[in-house]
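Raw contents of my_file_17.csv, CSV, C-alpha atoms:
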chain,number,residue,atom,x,y,z
Y,1,MET,CA,17.9,-20.5,21.9
Y,2,THR,CA,14.6,-22.0,20.7
Y,3,SER,CA,14.5,-25.2,18.7
Y,4,THR,CA,11.8,-24.0,16.4
Y,5,ARG,CA,13.0,-22.6,13.1
Y,6,ARG,CA,11.6,-19.2,12.6
Y,7,HIS,CA,11.6,-18.5,8.9
Y,8,THR,CA,15.0,-17.1,7.9
Y,9,THR,CA,16.2,-16.4,11.4
Y,10,GLY,CA,16.9,-20.0,12.3
Y,11,ASP,CA,19.4,-20.4,9.5
Y,12,TYR,CA,21.6,-17.7,10.9
Y,13,ASP,CA,21.3,-18.3,14.6
Y,14,HIS,CA,24.8,-19.8,14.8
Y,15,LEU,CA,26.3,-16.6,13.6
Y,16,GLU,CA,24.8,-14.4,16.3
Y,17,PRO,CA,27.5,-15.0,18.9
Y,18,LEU,CA,30.2,-14.0,16.4
Y,19,PHE,CA,28.9,-10.4,16.4
Y,20,ALA,CA,29.8,-9.9,20.1
Y,21,GLU,CA,33.3,-11.1,19.3
Y,22,PHE,CA,33.5,-9.0,16.2
Y,23,ALA,CA,32.5,-5.9,18.0
Y,24,SER,CA,35.0,-6.4,20.8
Y,25,LEU,CA,38.0,-6.7,18.6
Y,26,PRO,CA,40.1,-3.7,17.6
Y,27,GLU,CA,40.0,-2.3,14.1
Y,28,ASP,CA,43.3,-3.7,12.9
Y,29,ASP,CA,42.9,-7.2,14.4
Y,30,GLU,CA,43.4,-10.0,11.9
Y,31,ARG,CA,40.7,-12.0,13.5
Y,32,ARG,CA,38.3,-9.1,13.1
Y,33,HIS,CA,38.8,-9.1,9.3
Y,34,GLU,CA,38.2,-12.8,9.2
Y,35,LEU,CA,35.0,-12.5,11.2
Y,36,ARG,CA,33.7,-9.6,9.0
Y,37,GLU,CA,34.3,-11.6,5.9
Y,38,ARG,CA,32.6,-14.6,7.3
Y,39,LEU,CA,29.6,-12.7,8.6
Y,40,VAL,CA,29.1,-11.0,5.3
Y,41,THR,CA,29.5,-14.1,3.2
Y,42,GLU,CA,27.2,-16.2,5.3
Y,43,HIS,CA,24.5,-13.6,5.3
Y,44,LEU,CA,24.7,-13.1,1.6
Y,45,PRO,CA,21.5,-15.1,1.0
Y,46,VAL,CA,19.6,-12.4,3.0
Y,47,ALA,CA,20.9,-9.7,0.7
Y,48,GLN,CA,20.1,-11.8,-2.3
Y,49,HIS,CA,16.6,-12.5,-1.0
Y,50,ILE,CA,16.0,-8.8,-0.6
Y,51,ALA,CA,17.4,-7.9,-4.0
Y,52,ARG,CA,15.0,-10.5,-5.5
Y,53,ARG,CA,12.1,-8.7,-3.9
Y,54,PHE,CA,12.9,-5.6,-5.8
Y,55,ALA,CA,13.3,-7.4,-9.1
Y,56,HIS,CA,11.2,-6.6,-12.1
Y,57,ARG,CA,11.2,-2.9,-11.5
Y,58,GLY,CA,13.5,-2.1,-14.3
Y,59,GLU,CA,16.8,-2.4,-12.6
Y,60,PRO,CA,19.2,-5.3,-13.5
Y,61,PRO,CA,19.2,-8.0,-10.9
Y,62,GLU,CA,23.0,-8.1,-10.6
Y,63,ASP,CA,23.0,-4.4,-9.7
Y,64,LEU,CA,20.3,-4.9,-7.1
Y,65,THR,CA,22.3,-7.8,-5.6
Y,66,GLN,CA,25.4,-5.6,-5.4
Y,67,VAL,CA,23.5,-2.8,-3.8
Y,68,ALA,CA,21.9,-5.1,-1.3
Y,69,THR,CA,25.4,-6.6,-0.5
Y,70,VAL,CA,26.7,-3.1,0.2
Y,71,GLY,CA,23.8,-2.7,2.5
Y,72,LEU,CA,24.7,-6.0,4.2
Y,73,ILE,CA,28.3,-4.9,4.7
Y,74,ASN,CA,27.1,-1.7,6.2
Y,75,ALA,CA,24.8,-3.6,8.5
Y,76,VAL,CA,27.6,-5.9,9.7
Y,77,ASP,CA,29.8,-2.9,10.4
Y,78,ARG,CA,27.2,-0.9,12.2
Y,79,PHE,CA,25.4,-3.7,14.1
Y,80,ASP,CA,25.6,-3.2,17.8
Y,81,PRO,CA,25.0,-6.5,19.6
Y,82,GLU,CA,24.7,-4.7,22.9
Y,83,ARG,CA,21.4,-3.3,21.9
Y,84,GLY,CA,19.7,-6.5,22.4
Y,85,THR,CA,18.1,-7.1,19.0
Y,86,ASP,CA,19.1,-9.8,16.7
Y,87,PHE,CA,21.2,-9.1,13.6
Y,88,LEU,CA,18.5,-9.8,11.1
Y,89,SER,CA,16.1,-7.3,12.6
Y,90,PHE,CA,18.7,-4.7,12.1
Y,91,ALA,CA,20.1,-5.9,8.8
Y,92,VAL,CA,16.9,-6.3,6.9
Y,93,PRO,CA,15.9,-2.6,7.2
Y,94,THR,CA,19.4,-1.5,6.6
Y,95,ILE,CA,19.7,-3.5,3.4
Y,96,THR,CA,16.3,-2.5,2.3
Y,97,GLY,CA,17.2,1.1,3.0
Y,98,GLU,CA,20.3,0.8,0.8
Y,99,VAL,CA,18.3,-0.7,-2.1
Y,100,ARG,CA,15.6,2.0,-1.6
Y,101,LYS,CA,18.3,4.7,-1.7
Y,102,TYR,CA,19.5,3.2,-4.9
Y,103,PHE,CA,16.1,3.4,-6.4
Y,104,ARG,CA,15.7,6.8,-5.1
Y,105,ASP,CA,19.0,8.1,-6.5
Y,106,CYS,CA,19.4,6.1,-9.6
Y,107,SER,CA,16.1,4.9,-10.9
Y,108,TRP,CA,13.5,7.0,-12.6
Y,109,ALA,CA,10.8,4.7,-11.2
Y,110,VAL,CA,10.9,5.9,-7.7
Y,111,ARG,CA,12.8,9.1,-7.9
Y,112,VAL,CA,11.4,11.2,-5.0
Y,113,PRO,CA,13.3,14.4,-4.1
Y,114,ARG,CA,14.6,14.6,-0.6
Y,115,ARG,CA,12.3,17.4,0.3
Y,116,LEU,CA,9.3,15.3,-0.6
Y,117,LYS,CA,10.6,12.4,1.3
Y,118,GLU,CA,10.9,14.6,4.4
Y,119,LEU,CA,7.4,15.9,3.7
Y,120,HIS,CA,6.2,12.3,3.5
Y,121,LEU,CA,7.8,11.6,6.9
Y,122,SER,CA,6.2,14.7,8.6
Y,123,ILE,CA,2.8,13.7,7.2
Y,124,SER,CA,3.1,10.1,8.3
Y,125,GLY,CA,4.0,11.3,11.8
Y,126,ALA,CA,1.2,13.9,11.9
Y,127,THR,CA,-1.3,11.4,10.6
Y,128,ALA,CA,-0.5,9.0,13.4
Y,129,GLU,CA,-0.7,11.7,16.0
Y,130,LEU,CA,-4.0,13.2,14.7
Y,131,SER,CA,-5.6,9.8,14.2
Y,132,GLN,CA,-4.9,9.1,17.9
Y,133,GLN,CA,-6.3,12.4,18.9
Y,134,PHE,CA,-9.5,12.3,16.8
Y,135,GLY,CA,-10.2,8.6,16.7
Y,136,ARG,CA,-10.4,8.8,12.9
Y,137,ALA,CA,-8.1,9.6,10.1
Y,138,PRO,CA,-7.3,13.3,9.6
Y,139,THR,CA,-8.1,15.2,6.4
Y,140,PRO,CA,-5.4,17.0,4.4
Y,141,SER,CA,-6.5,20.4,5.7
Y,142,GLU,CA,-6.2,19.1,9.3
Y,143,LEU,CA,-2.7,17.9,8.5
Y,144,ALA,CA,-1.8,21.2,7.0
Y,145,GLY,CA,-3.1,23.0,10.1
Y,146,HIS,CA,-1.2,20.7,12.4
Y,147,LEU,CA,2.0,21.0,10.5
Y,148,GLY,CA,1.7,24.7,9.8
Y,149,MET,CA,1.9,24.0,6.1
Y,150,THR,CA,-0.3,25.0,3.2
Y,151,ASN,CA,-2.8,22.5,1.8
Y,152,GLU,CA,-0.8,22.4,-1.4
Y,153,ASP,CA,2.3,21.2,0.5
Y,154,VAL,CA,0.3,18.4,2.1
Y,155,TYR,CA,-1.2,17.4,-1.3
Y,156,GLU,CA,2.3,17.2,-2.7
Y,157,GLY,CA,3.4,15.1,0.3
Y,158,LEU,CA,0.5,12.8,0.0
Y,159,GLN,CA,1.1,12.4,-3.7
Y,160,ALA,CA,4.8,11.6,-3.1
Y,161,SER,CA,3.6,9.0,-0.5
Y,162,ASN,CA,1.5,7.4,-3.2
Y,163,ALA,CA,4.4,7.3,-5.7
Y,164,TYR,CA,6.7,6.0,-3.0
Y,165,ASN,CA,4.2,3.4,-1.9
Y,166,SER,CA,3.3,2.2,-5.3
Y,167,SER,CA,6.4,0.2,-5.3
Y,168,SER,CA,5.7,-1.3,-1.9
Y,169,LEU,CA,9.1,-0.4,-0.7
Y,170,ASP,CA,8.3,-0.8,3.0
Y,171,GLU,CA,6.7,-4.2,2.6
Y,172,MET,CA,9.5,-6.5,3.3
Y,173,LEU,CA,10.4,-4.8,6.5
Y,174,LEU,CA,7.4,-6.4,7.9
Y,175,ASP,CA,7.5,-9.6,5.9
Y,176,ASP,CA,10.9,-10.4,7.1
Y,177,ALA,CA,12.1,-8.5,10.0
Y,178,GLU,CA,8.9,-8.8,12.0
Y,179,SER,CA,8.0,-12.2,10.9
Y,180,SER,CA,8.5,-13.4,14.4
Y,181,MET,CA,5.6,-11.2,15.5
Y,182,THR,CA,2.8,-12.6,13.4
Y,183,LEU,CA,-0.7,-11.1,13.2
Y,184,GLY,CA,-2.0,-14.2,14.7
Y,185,ASP,CA,-0.3,-13.1,18.0
Y,186,ALA,CA,-2.1,-9.8,17.9
Y,187,LEU,CA,-5.5,-11.0,16.7
Y,188,GLY,CA,-7.4,-13.9,18.3
Y,189,GLU,CA,-9.8,-15.2,15.8
Y,190,GLU,CA,-9.4,-16.5,12.4
Y,191,ASP,CA,-11.5,-16.2,9.3
Y,192,VAL,CA,-14.8,-16.6,11.0
Y,193,ASP,CA,-16.2,-13.6,9.1
Y,194,LEU,CA,-15.0,-14.8,5.8
Y,195,ALA,CA,-17.5,-17.6,5.8
Y,196,GLY,CA,-20.2,-15.1,4.7
Y,197,VAL,CA,-18.7,-14.4,1.3
Y,198,GLU,CA,-20.9,-15.6,-1.4
Y,199,ASN,CA,-18.4,-17.0,-3.8
Y,200,ARG,CA,-16.3,-18.4,-1.1
Y,201,GLU,CA,-15.7,-21.6,-3.1
Y,202,ALA,CA,-13.5,-19.6,-5.4
Y,203,LEU,CA,-12.2,-17.2,-2.8
Y,204,ARG,CA,-11.3,-19.5,0.0
Y,205,PRO,CA,-8.3,-21.2,-1.5
Y,206,LEU,CA,-7.0,-17.8,-2.6
Y,207,LEU,CA,-7.4,-16.3,0.8
Y,208,ALA,CA,-5.9,-19.4,2.4
Y,209,ARG,CA,-2.8,-18.8,0.3
Y,210,LEU,CA,-2.4,-15.2,1.3
Y,211,PRO,CA,0.2,-14.4,3.9
Y,212,GLU,CA,-1.4,-14.3,7.3
Y,213,ARG,CA,-1.2,-10.6,7.8
Y,214,GLU,CA,-2.8,-9.8,4.4
Y,215,ARG,CA,-5.6,-12.2,5.1
Y,216,HIS,CA,-6.4,-10.6,8.4
Y,217,ILE,CA,-6.3,-7.1,7.0
Y,218,VAL,CA,-8.7,-8.1,4.3
Y,219,ALA,CA,-11.0,-9.8,6.8
Y,220,LEU,CA,-10.9,-6.8,9.2
Y,221,ARG,CA,-11.6,-4.3,6.4
Y,222,PHE,CA,-14.3,-6.0,4.5
Y,223,PHE,CA,-15.8,-8.4,6.9
Y,224,GLY,CA,-15.1,-6.7,10.2
Y,225,ASN,CA,-15.9,-3.3,8.8
Y,226,LEU,CA,-13.0,-1.6,10.4
Y,227,THR,CA,-11.5,1.5,8.8
Y,228,GLN,CA,-7.9,1.5,7.6
Y,229,THR,CA,-6.9,3.6,10.5
Y,230,GLN,CA,-8.5,1.2,13.0
Y,231,ILE,CA,-6.8,-1.7,11.3
Y,232,ALA,CA,-3.5,0.1,11.4
Y,233,LYS,CA,-3.9,0.6,15.1
Y,234,ARG,CA,-4.9,-2.9,15.8
Y,235,VAL,CA,-2.2,-4.4,13.6
Y,236,GLY,CA,0.5,-2.0,14.6
Y,237,ILE,CA,1.4,-0.6,11.2
Y,238,SER,CA,0.7,2.7,9.5
Y,239,GLN,CA,-2.5,3.5,7.7
Y,240,MET,CA,-0.6,4.0,4.5
Y,241,HIS,CA,0.9,0.6,4.9
Y,242,VAL,CA,-2.6,-0.9,5.4
Y,243,SER,CA,-3.7,0.9,2.3
Y,244,ARG,CA,-0.9,-0.5,0.3
Y,245,LEU,CA,-1.3,-4.0,1.5
Y,246,LEU,CA,-5.0,-3.9,0.8
Y,247,ALA,CA,-4.5,-2.6,-2.7
Y,248,LYS,CA,-1.9,-5.3,-3.4
Y,249,THR,CA,-3.9,-8.1,-1.9
Y,250,LEU,CA,-7.1,-7.1,-3.7
Y,251,ALA,CA,-5.3,-7.0,-7.0
Y,252,HIS,CA,-3.9,-10.4,-6.3
Y,253,LEU,CA,-7.3,-11.8,-5.4
Y,254,ARG,CA,-8.8,-10.3,-8.5
Y,255,GLU,CA,-6.2,-12.0,-10.6
Y,256,GLY,CA,-6.7,-15.3,-8.9
Y,257,LEU,CA,-10.5,-15.2,-9.2
Y,258,LEU,CA,-10.4,-14.3,-12.9
Y,259,GLY,CA,-7.8,-16.9,-13.5
Y,260,SER,CA,-9.6,-19.7,-11.8
Y,261,PRO,CA,-12.1,-21.9,-13.7
Y,262,ARG,CA,-15.7,-21.3,-12.6
U,1,MET,CA,-3.9,25.3,13.8
U,2,SER,CA,-2.6,28.6,12.4
U,3,VAL,CA,-3.4,27.9,8.8
U,4,PRO,CA,-7.1,28.5,8.0
U,5,THR,CA,-8.8,25.5,6.5
U,6,ILE,CA,-10.6,25.8,3.3
U,7,PRO,CA,-14.3,25.2,3.8
U,8,PRO,CA,-15.6,22.3,1.7
U,9,ASP,CA,-17.7,24.6,-0.5
U,10,ARG,CA,-14.7,26.6,-1.6
U,11,ILE,CA,-12.6,23.7,-2.8
U,12,SER,CA,-11.0,24.5,-6.1
U,13,VAL,CA,-10.6,21.4,-8.2
U,14,PRO,CA,-8.5,21.7,-11.4
U,15,GLY,CA,-10.7,22.0,-14.4
U,16,THR,CA,-13.6,23.8,-12.7
U,17,THR,CA,-14.5,27.3,-11.9
U,18,GLY,CA,-13.9,26.6,-8.3
U,19,GLU,CA,-17.2,26.8,-6.5
U,20,ARG,CA,-18.9,23.7,-5.2
U,21,ALA,CA,-19.4,21.0,-7.7
U,22,ALA,CA,-16.6,19.8,-9.9
U,23,HIS,CA,-16.9,17.4,-12.8
U,24,VAL,CA,-13.9,15.5,-14.2
U,25,GLU,CA,-14.1,12.9,-16.9
U,26,LEU,CA,-11.6,10.3,-17.9
U,27,ARG,CA,-11.7,8.2,-21.0
U,28,LEU,CA,-9.3,5.3,-21.0
U,29,ALA,CA,-8.5,2.5,-23.4
U,30,ALA,CA,-9.9,-0.7,-21.9
U,31,ASP,CA,-6.6,-2.0,-20.8
U,32,LEU,CA,-5.5,-2.7,-17.2
U,33,THR,CA,-2.4,-0.6,-17.9
U,34,TRP,CA,-4.5,2.5,-17.3
U,35,VAL,CA,-6.1,1.5,-14.0
U,36,PRO,CA,-3.5,3.5,-12.1
U,37,VAL,CA,-4.4,6.6,-13.9
U,38,ALA,CA,-8.0,6.4,-12.8
U,39,ARG,CA,-6.9,5.5,-9.3
U,40,ALA,CA,-4.6,8.5,-9.2
U,41,VAL,CA,-7.3,10.9,-10.3
U,42,ALA,CA,-9.7,9.4,-7.7
U,43,ALA,CA,-7.2,9.9,-4.9
U,44,GLU,CA,-6.4,13.4,-6.1
U,45,LEU,CA,-10.0,14.5,-6.2
U,46,ALA,CA,-10.8,13.0,-2.8
U,47,MET,CA,-7.7,14.7,-1.4
U,48,ARG,CA,-8.5,18.1,-2.8
U,49,ALA,CA,-12.1,17.8,-1.5
U,50,ASP,CA,-10.5,17.3,1.9
U,51,PHE,CA,-11.9,13.9,2.7
U,52,ASP,CA,-10.2,12.2,5.5
U,53,LEU,CA,-7.3,9.9,4.6
U,54,ASP,CA,-9.3,6.7,5.2
U,55,ALA,CA,-12.0,7.9,2.8
U,56,ILE,CA,-9.4,8.9,0.3
U,57,ALA,CA,-7.9,5.5,0.4
U,58,ASP,CA,-11.3,3.8,0.2
U,59,PHE,CA,-12.4,5.8,-2.8
U,60,ARG,CA,-9.1,5.2,-4.5
U,61,LEU,CA,-9.4,1.4,-4.0
U,62,ALA,CA,-13.1,1.4,-5.0
U,63,VAL,CA,-12.3,3.2,-8.3
U,64,ASP,CA,-9.4,0.9,-8.8
U,65,GLU,CA,-11.7,-2.1,-8.4
U,66,ALA,CA,-14.5,-0.7,-10.5
U,67,CYS,CA,-12.2,0.2,-13.4
U,68,ALA,CA,-10.3,-3.1,-13.3
U,69,SER,CA,-13.5,-5.1,-13.5
U,70,MET,CA,-14.9,-2.9,-16.2
U,71,MET,CA,-11.7,-3.2,-18.2
U,72,GLN,CA,-12.0,-6.9,-18.1
U,73,LEU,CA,-15.6,-6.8,-19.2
U,74,ALA,CA,-15.1,-4.3,-21.9
U,75,ALA,CA,-15.6,-5.2,-25.5
U,76,PRO,CA,-12.4,-5.4,-27.5
U,77,GLY,CA,-11.2,-2.0,-28.6
U,78,SER,CA,-13.7,-0.1,-26.4
U,79,HIS,CA,-13.1,2.4,-23.7
U,80,VAL,CA,-13.8,2.8,-20.0
U,81,THR,CA,-15.1,6.1,-18.9
U,82,CYS,CA,-14.9,7.5,-15.4
U,83,ARG,CA,-17.1,10.4,-14.6
U,84,PHE,CA,-16.2,12.0,-11.3
U,85,GLN,CA,-18.5,14.4,-9.6
U,86,VAL,CA,-17.2,16.2,-6.5
U,87,ASP,CA,-19.8,17.9,-4.3
U,88,ALA,CA,-19.5,19.5,-0.9
U,89,ASP,CA,-20.5,16.4,0.9
U,90,GLU,CA,-19.9,13.5,-1.5
U,91,LEU,CA,-17.8,12.1,-4.2
U,92,GLN,CA,-19.5,10.3,-7.0
U,93,VAL,CA,-18.1,8.3,-9.8
U,94,GLN,CA,-19.7,6.5,-12.7
U,95,VAL,CA,-17.5,3.9,-14.4
U,96,SER,CA,-18.9,2.7,-17.7
U,97,THR,CA,-18.0,0.7,-20.7
U,98,LEU,CA,-19.5,-1.2,-23.7
U,99,SER,CA,-19.6,-4.9,-23.2
U,100,ALA,CA,-20.9,-7.9,-24.9
U,101,ARG,CA,-21.5,-9.5,-21.5
U,102,ALA,CA,-24.5,-7.8,-20.0
U,103,ASP,CA,-24.9,-10.4,-17.3
U,104,ALA,CA,-21.5,-10.0,-16.0
U,105,LEU,CA,-21.9,-7.5,-13.1
U,106,GLY,CA,-22.7,-10.1,-10.6
U,107,ARG,CA,-23.7,-8.7,-7.2
U,108,GLN,CA,-22.6,-11.9,-5.6
U,109,SER,CA,-19.0,-11.4,-6.8
U,110,PHE,CA,-16.1,-10.6,-4.5
U,111,GLY,CA,-15.5,-7.4,-6.4
U,112,TRP,CA,-19.0,-6.3,-5.7
U,113,GLN,CA,-18.5,-7.0,-2.0
U,114,LEU,CA,-15.5,-4.8,-2.1
U,115,LEU,CA,-17.3,-2.0,-3.8
U,116,THR,CA,-20.1,-2.0,-1.3
U,117,ALA,CA,-17.7,-2.2,1.6
U,118,LEU,CA,-15.6,0.7,0.4
U,119,THR,CA,-18.3,3.1,-0.5
U,120,ASP,CA,-21.6,4.5,0.9
U,121,ALA,CA,-23.6,3.6,-2.1
U,122,ALA,CA,-22.8,1.3,-5.0
U,123,ASP,CA,-25.1,0.5,-7.9
U,124,ALA,CA,-24.6,-1.5,-11.1
U,125,SER,CA,-26.8,-1.2,-14.1
U,126,VAL,CA,-27.0,-2.2,-17.8
U,127,ALA,CA,-28.3,0.3,-20.3
U,128,PRO,CA,-30.9,-0.9,-22.8
U,129,PRO,CA,-29.4,-2.1,-26.1
U,130,SER,CA,-29.0,0.8,-28.6
U,131,VAL,CA,-29.0,0.7,-32.3
U,132,GLY,CA,-25.7,0.5,-34.0
U,133,HIS,CA,-23.8,-0.9,-31.0
U,134,ALA,CA,-23.0,-4.5,-30.7
U,135,GLY,CA,-22.7,-4.4,-26.9
U,136,ARG,CA,-24.5,-2.7,-24.1
U,137,GLU,CA,-23.3,-0.1,-21.7
U,138,LEU,CA,-22.4,-1.4,-18.3
U,139,ARG,CA,-22.2,1.1,-15.5
U,140,ILE,CA,-21.1,1.1,-11.9
U,141,ASP,CA,-22.1,4.1,-9.8
U,142,LEU,CA,-20.3,4.7,-6.6
U,143,VAL,CA,-20.8,7.4,-3.9
U,144,LYS,CA,-18.5,8.2,-1.0
U,145,ARG,CA,-19.9,10.6,1.6
U,146,ARG,CA,-17.9,12.9,3.7
U,147,ALA,CA,-17.7,11.5,7.3
U,148,PRO,CA,-18.6,14.0,10.0
U,149,THR,CA,-15.3,15.5,11.3
U,150,VAL,CA,-16.1,15.8,14.9
U,151,GLY,CA,-13.3,16.7,17.3
U,152,ALA,CA,-11.3,18.8,14.9
U,153,ARG,CA,-11.2,22.2,13.3
As structure tokens:
Amino acid sequence: MTSTRRHTTGDYDHLEPLFAEFASLPEDDERRHELRERLVTEHLPVAQHIARRFAHRGEPPEDLTQVATVGLINAVDRFDPERGTDFLSFAVPTITGEVRKYFRDCSWAVRVPRRLKELHLSISGATAELSQQFGRAPTPSELAGHLGMTNEDVYEGLQASNAYNSSSLDEMLLDDAESSMTLGDALGEEDVDLAGVENREALRPLLARLPERERHIVALRFFGNLTQTQIAKRVGISQMHVSRLLAKTLAHLREGLLGSPR
Amino acid sequence: MSVPTIPPDRISVPGTTGERAAHVELRLAADLTWVPVARAVAAELAMRADFDLDAIADFRLAVDEACASMMQLAAPGSHVTCRFQVDADELQVQVSTLSARADALGRQSFGWQLLTALTDAADASVAPPSVGHAGRELRIDLVKRRAPTVGAR
């Protein structure tokens, strides 16, 4: 037990021991039902928080909260305290997954057929493997060769990835679940290279307000001259994720620069 | 490695006859709503030209950035045009619009820093004023070259 509050985790620390008790009780135990209800109720803010992150995508907020709550209930039921991770690390992806599934199944915005989703997964896997092997990102035809697919299949998969990614659905997994491992832990220096930017007067406050990970990715890409694949490796996330974060961050910076008085 | 790869000079890009160079042109209303369309076309062309995934992502971002800044500089009611040219070894795009602000393409800007970082060559220019047009044509020219693909194939 640490005394420092780590973002959201700290608020739920006191509930962690209840999971062991919950898991040890038989299905029909009255106490088990009580615990289940308490665990779900007290973690509701987590579900609400995630639901809010998916707001403004055309789905009513109440529906999203409901779906996220279903995800939370599933997480409480499925969580295995024996596995040594804390509940939130398990719950956040589970809840996110539920909301994602909802978007996938019910919403036109991110409707990606299952086949494409699987294609997307194979391509992500092969991309990681080939990047490792070549020391650079693979081309679509190399992916096709590796996976024994046609180029057209790979194109389709990459397009699906873009469609999927455009809603930044993976984002919060890192924002929340991995917040305990900040980029600062992985990367030593901070912002040294950013000093070279010409219009830093305008840029600096914007960069300073970015989440730490985004700031470092921007610095690595544009001032450290690393490729997205190299950044991905260094930061421990996928190249697609780096791509997505960069795109989002740049849009954000652009808005900020345009909006600020010169 | 059972599927033969398509040599770069045989890439077929929709809208072309299939051999070597391909030209694709987009004309978009100068409204940020349409930036994703330009971005998607950029990614699609880079992908079909078999650039590596980093280059595809970079080109996509660069076109996004160039279009977004052009749309903000464009004279009201004008268009932003993206002319893509796909050759065996490089992707080129020219993004242009009519603007009343001929001084606006600052090379000191953050946007410009991005464009130069993301591409192999970036150039901005302003066409001479022409009769009958209130504004002047601003252009951004970008080139992304194919990285040598050692260690594969």
Close residues, region 32-34 of chain U itself excluded, 8 Å, all atoms listed in the file, min 5 positions apart in chain, as a short mmCIF file (atom, residue, chain, number, x, y, z; two decimals) with C-alpha atoms, in the frame of the given file:
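Listed below is the output, part_4.cif:
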data_model
loop_
_atom_site.label_atom_id
_atom_site.label_comp_id
_atom_site.auth_asym_id
_atom_site.auth_seq_id
_atom_site.Cartn_x
_atom_site.Cartn_y
_atom_site.Cartn_z
CA ALA U 68 -10.30 -3.10 -13.30
CA MET U 71 -11.70 -3.20 -18.20
CA GLN U 72 -12.00 -6.90 -18.10
#
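Between CA of Gln94 (chain U) and CA of Arg136 (chain U) there is a distance of 15.4 Å.
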Query raised in the report: Smallest atom-to-atom distance to chain U: which of Y:Ala219, Y:Ala137, Y:Leu226, Y:Ala91, using all atoms listed in the file?
Result: Y:Ala137
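With the cut-off set to 7 Å and only C-alpha atoms counted, chain Y residues close to chain U are Phe134, Ala137, Pro138, Thr139, Pro140, Ser141, Gly145, His146, Gly148, Glu198, Asn199, Phe222, Thr227, Gln228, Thr229, Ser243 and Ala247 of chain Y.
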Keeping only C-alpha atoms, write the selected residues as a PDB file, in the frame of the given file.
ATOM      1  CA  PHE Y 134      -9.500  12.300  16.800  1.00  0.00           C
ATOM      2  CA  ALA Y 137      -8.100   9.600  10.100  1.00  0.00           C
ATOM      3  CA  PRO Y 138      -7.300  13.300   9.600  1.00  0.00           C
ATOM      4  CA  THR Y 139      -8.100  15.200   6.400  1.00  0.00           C
ATOM      5  CA  PRO Y 140      -5.400  17.000   4.400  1.00  0.00           C
ATOM      6  CA  SER Y 141      -6.500  20.400   5.700  1.00  0.00           C
ATOM      7  CA  GLY Y 145      -3.100  23.000  10.100  1.00  0.00           C
ATOM      8  CA  HIS Y 146      -1.200  20.700  12.400  1.00  0.00           C
ATOM      9  CA  GLY Y 148       1.700  24.700   9.800  1.00  0.00           C
ATOM     10  CA  GLU Y 198     -20.900 -15.600  -1.400  1.00  0.00           C
ATOM     11  CA  ASN Y 199     -18.400 -17.000  -3.800  1.00  0.00           C
ATOM     12  CA  PHE Y 222     -14.300  -6.000   4.500  1.00  0.00           C
ATOM     13  CA  THR Y 227     -11.500   1.500   8.800  1.00  0.00           C
ATOM     14  CA  GLN Y 228      -7.900   1.500   7.600  1.00  0.00           C
ATOM     15  CA  THR Y 229      -6.900   3.600  10.500  1.00  0.00           C
ATOM     16  CA  SER Y 243      -3.700   0.900   2.300  1.00  0.00           C
ATOM     17  CA  ALA Y 247      -4.500  -2.600  -2.700  1.00  0.00           C
TER      18      ALA Y 247
END
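Between CA of Leu28 (chain U) and CA of Val143 (chain U) the separation is 20.7 Å.
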Query - Spatial neighbours of Arg136 (chain Y), 8 Å, only C-alpha atoms, chain gap at least 3 places, as a PyMOL selection string - result: chain Y and resi 130-132+229-230
Report task. Go through Y:Val218, Y:Ile231, Y:Ala20, Y:Ala251 and flag the residue nearest Phe87 (chain Y), using all atoms listed in the file for the distances. Result ->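 Closest candidate: Y:Ala20.
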Report task. State, in Å with one decimal place, the distance from CA of Leu142 (chain U) to CA of Ala121 (chain U). Result ->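 These atoms are spaced 5.7 Å apart.
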Query raised in the report: If we count only C-alpha atoms, what is near Arg215 (chain Y) at a cut-off of 9 Å, once residues fewer than 6 positions away on the same chain are taken out, given as a list in words?
Result: Asp191, Leu207, Ala208, Arg209 and Thr249 of chain Y
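Proximity to Glu118 (chain Y) at 12 Å, evaluated using only C-alpha atoms and with sequence-adjacent residues fewer than 3 positions away removed, yields Val112, Pro113, Arg114, Arg115, Leu121, Ser122, Ile123, Ser124, Gly125, Asp153, Val154, Glu156, Gly157, Leu158, Ala160 and Ser161 of chain Y.
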Requested in this report: Tell me which protein, DNA and RNA residues are within 6 Å of region 92-99 of chain Y, counting all atoms listed in the file, leaving out same-chain ones fewer than 5 positions away, and put them as a ChimeraX atom specification.
Outcome: /Y:67-68,71-72,173
